[in-house]
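One structure is given below, encoded as structure tokens.
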Amino acid sequence: MATKLAVLATLVLALLGPVSCQQQQAGYGYGAGSPTPTSSPPPPAAYPPMTTSPTPSSPTAYPPPPPPTPSPPPPAAGAGLSVGYYKDKCAEAETIVQEAVRAADAGTKAGLVRLFFHDCFVQGCDASVLLKPDNDTNPQPEMLGVPNLSLRGFEVIDAAKAAVEARCPGVVSCADIVAFAGRDASAFLSGGAINFTMPAGRYDGTVSLANETLPNLPPPFADVRRLKAMFAAKGLDTVDMVALSGAHSIGRSHCSSFSSDRLPPSNTSDMDPAFAATLQASCASSANGAADNTVVQDYRTPDQLDNQYYRNVISHKVLFASDAALLKSSDTLGLVYVAAFSQKLWQDKFGQAMVKMGGVQVKTAANGEIRRMCGYVNKP
Ligand code: HEM
């Protein structure tokens, strides 16, 4: 026990440094990358077919990792953004968003944490993920990209924006609302334990392209090298990446996101066999066999944002190859053990990493706008 603690203490110091107190089958795209694509029902009716998106034909055909730095590194914490940005401009803004998030159910709250991540990794944190398809100007925005088909929580952002606009029109960006909502959802789902301030002052982008999603958002079959490269491309290091992965302690996944490479009979994964059997049963239990069921990501505390995720990684009871991959390099493995060992250390790191992610490629008045409605760019 003493040796274990010494090892963990060393890992904490070496890896974390000073810590402040702080889809139901194939329909969601990744399943289309199955090595055995025997069943590929069309995408859910709510989404148009992915005719022009670069859907991967197999995991190995997936595009290579992006070059090390395709996007400029995010500004240093606070550069261009500030805590309490709306204090003098729209004092109620953060409270209004918080109330909208409070009213959402746990699943939607999980969706809001993911929405923030998916917004920031494509075109930066600029609410580009919210732009709706427009036949004339942009028929294939980000929200129609394969990784985004299962996003949820858009209605919460719209409700918050409507309430904020009623109070202070034209002042609060959708990008900031997404960031506040991700922060607030994290707080609610952790019972208030993850509680951090989110700098604001982002402007909304005007560019949103479905074909930028696959190259920028890590796929569930990514290995650890690709994961590190894709986070580094956004200015996020390995500590940030491992900390943020703890978000997989909440929410759900479609079976199509992991069944082909992780479940029997085609799997060669290191998943715990009993856990795999449970998932297989849940994924197969549709009435007509065609549905793409969803399962909880954290089989123990599915609605709590906590460090149970890291225990699940260690016990090989996680859904994705990308989750399991965190045991495959010594630095990520060490960080997984540290997070599993100390809830508090991980909570602090998670908050810091969310703030850092919120600084990725932030837009300003020079290259952005304050949208009037989050789903549409402003008409001139
Ligand atoms: C490390 C690379 C990551 C990969 C490969 C990945 C992949 C995925 C996939 C495939 C799903 C399931 C989608 C579905 O089938 O419905 C998912 C769900 C989710 N992810 Fe990630 N993710 C990653 C990182 C993150 C990060 C950084 C966050 C947030 C900080 C996050 C938050 C979530 C949440 C909350 C869900 C559940 C969403 C819901 O229930 O609606 N993920 N992720």
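In the structure tokens, chains take letters A, B, ... by order of appearance, with residues numbered from 1 within each chain and ligands from 1 in the order shown.
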
As a PDB file with C-alpha atoms, in the first residue's frame, please: every protein or nucleic acid residue near ligand 1 (cut-off 7 Å, counting only C-alpha atoms and all ligand atoms).
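Listed below is the output, part.pdb:
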```
ATOM      1  CA  GLN A  23     -26.028   5.569 -31.640  1.00  0.00           C
ATOM      2  CA  TYR A  28     -24.338   7.451 -36.748  1.00  0.00           C
ATOM      3  CA  GLY A 107     -28.916  13.091 -20.807  1.00  0.00           C
ATOM      4  CA  THR A 108     -29.325  16.498 -22.389  1.00  0.00           C
ATOM      5  CA  ALA A 110     -24.350  15.331 -20.973  1.00  0.00           C
ATOM      6  CA  GLY A 111     -25.073  16.349 -24.540  1.00  0.00           C
ATOM      7  CA  VAL A 113     -20.780  18.985 -22.379  1.00  0.00           C
ATOM      8  CA  ARG A 114     -20.122  17.170 -25.649  1.00  0.00           C
ATOM      9  CA  PHE A 117     -16.143  19.942 -27.211  1.00  0.00           C
ATOM     10  CA  SER A 150     -25.767  12.270 -32.362  1.00  0.00           C
ATOM     11  CA  LEU A 151     -25.256  15.642 -30.683  1.00  0.00           C
ATOM     12  CA  ARG A 152     -28.044  16.840 -28.439  1.00  0.00           C
ATOM     13  CA  PRO A 218     -11.194  12.117 -32.859  1.00  0.00           C
ATOM     14  CA  PRO A 219     -12.952   8.882 -33.854  1.00  0.00           C
ATOM     15  CA  PRO A 220     -13.839   6.231 -31.251  1.00  0.00           C
ATOM     16  CA  PHE A 221     -11.338   3.812 -32.770  1.00  0.00           C
ATOM     17  CA  ALA A 222      -8.405   6.240 -32.447  1.00  0.00           C
ATOM     18  CA  LEU A 227      -5.626  11.044 -29.793  1.00  0.00           C
ATOM     19  CA  MET A 241      -6.822  15.121 -23.004  1.00  0.00           C
ATOM     20  CA  LEU A 244     -11.417  15.793 -20.557  1.00  0.00           C
ATOM     21  CA  SER A 245     -11.922  12.126 -21.378  1.00  0.00           C
ATOM     22  CA  ALA A 247     -16.624  13.304 -19.664  1.00  0.00           C
ATOM     23  CA  HIS A 248     -17.250   9.738 -20.756  1.00  0.00           C
ATOM     24  CA  ILE A 250     -21.860  10.652 -18.393  1.00  0.00           C
ATOM     25  CA  GLY A 251     -24.272  10.279 -21.275  1.00  0.00           C
ATOM     26  CA  ARG A 252     -24.884   7.546 -23.790  1.00  0.00           C
ATOM     27  CA  SER A 253     -23.408   6.091 -26.940  1.00  0.00           C
ATOM     28  CA  HIS A 254     -24.982   4.472 -29.953  1.00  0.00           C
ATOM     29  CA  CYS A 255     -23.948   0.863 -30.394  1.00  0.00           C
ATOM     30  CA  SER A 256     -22.734   1.708 -33.908  1.00  0.00           C
ATOM     31  CA  SER A 257     -19.963   3.798 -32.349  1.00  0.00           C
ATOM     32  CA  SER A 322     -10.112   5.418 -27.691  1.00  0.00           C
ATOM     33  CA  MET A 354     -12.523  22.899 -20.097  1.00  0.00           C
TER      34      MET A 354
END
```

Can you list, as a count of residues only, every residue of stretch 79-307 of chain A that DSSP puts in helix (DSSP H, G or I)?
112

Please identify all polymer residues within 8 Å of A:Asp306, counting only C-alpha atoms, omitting same-chain residues fewer than 5 positions from it, and present them as a PDB file with N, CA, C and O atoms, in the first residue's frame.
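Result written to around00.pdb:
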```pdb
ATOM      1  N   SER A 190     -22.059  16.973 -11.637  1.00  0.00           N
ATOM      2  CA  SER A 190     -21.097  16.571 -10.600  1.00  0.00           C
ATOM      3  C   SER A 190     -21.592  16.979  -9.217  1.00  0.00           C
ATOM      4  O   SER A 190     -20.817  17.002  -8.260  1.00  0.00           O
ATOM      5  N   GLY A 246     -12.670  12.199 -19.074  1.00  0.00           N
ATOM      6  CA  GLY A 246     -13.550  11.857 -17.953  1.00  0.00           C
ATOM      7  C   GLY A 246     -15.001  12.204 -18.234  1.00  0.00           C
ATOM      8  O   GLY A 246     -15.905  11.727 -17.543  1.00  0.00           O
ATOM      9  N   SER A 249     -17.875   9.706 -18.425  1.00  0.00           N
ATOM     10  CA  SER A 249     -18.556   9.134 -17.255  1.00  0.00           C
ATOM     11  C   SER A 249     -20.021   9.547 -17.242  1.00  0.00           C
ATOM     12  O   SER A 249     -20.748   9.244 -16.293  1.00  0.00           O
ATOM     13  N   GLN A 343     -10.366  11.912  -6.866  1.00  0.00           N
ATOM     14  CA  GLN A 343     -11.500  12.623  -7.471  1.00  0.00           C
ATOM     15  C   GLN A 343     -11.209  14.118  -7.563  1.00  0.00           C
ATOM     16  O   GLN A 343     -11.459  14.771  -8.574  1.00  0.00           O
ATOM     17  N   GLN A 347     -11.128  16.498 -10.758  1.00  0.00           N
ATOM     18  CA  GLN A 347     -12.140  17.557 -10.911  1.00  0.00           C
ATOM     19  C   GLN A 347     -11.479  18.895 -11.234  1.00  0.00           C
ATOM     20  O   GLN A 347     -11.944  19.643 -12.099  1.00  0.00           O
TER      21      GLN A 347
END
```

I want to know what sits within 9 Å of A:Ala127, based on only C-alpha atoms, with residues of the same chain fewer than 3 positions away left out; could you give that as an MDAnalysis selection string?
chainID A and resid 116 119:120 123:124 130:131 173:178 203:206 208 374:375

So that I can check the surroundings of A:Lys89, please list as number ranges by chain every protein, DNA and RNA residue that reaches within 9 Å of it, counting only C-alpha atoms and ignoring chain neighbours fewer than 2 positions away.
A: 85-87, 91, 93, 168, 171-172

Can I get the selected residues back with C-alpha atoms, as an mmCIF file, in the first residue's frame?
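part-v9.cif written:
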```cif
data_model
loop_
_atom_site.group_PDB
_atom_site.id
_atom_site.type_symbol
_atom_site.label_atom_id
_atom_site.label_comp_id
_atom_site.auth_asym_id
_atom_site.auth_seq_id
_atom_site.Cartn_x
_atom_site.Cartn_y
_atom_site.Cartn_z
ATOM 1 C CA TYR A 85 -17.325 39.600 -19.411
ATOM 2 C CA TYR A 86 -21.089 40.262 -19.431
ATOM 3 C CA LYS A 87 -21.223 41.853 -15.978
ATOM 4 C CA ALA A 91 -25.605 41.088 -15.998
ATOM 5 C CA ALA A 93 -26.589 36.390 -18.984
ATOM 6 C CA CYS A 168 -30.205 42.231 -23.803
ATOM 7 C CA VAL A 171 -24.955 41.335 -26.874
ATOM 8 C CA VAL A 172 -24.325 37.718 -25.866
#
```

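Among the candidates A:Ala181, A:Pro264, A:Val296, A:Val207, the residue lying nearest to A:Pro133 is A:Val207 (atoms considered: only C-alpha atoms).
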
Near A:Arg102, within 12 Å and counting only C-alpha atoms, which residues show up once chain neighbours fewer than 6 positions away are dropped, as a PyMOL selection string?
chain A and resi 95-96+108-110+112+156+159-160+181-189+191-192

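Minimum atom-to-atom distances from A:Arg167, A:Arg372, A:Arg225, A:Lys363 to A:Leu327 were compared using only C-alpha atoms, and the lowest value belongs to A:Arg225.
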
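Taking atom CA of A:Ser282 as the reference point, atom CA of A:Gln308 is found at 21.0 Å.
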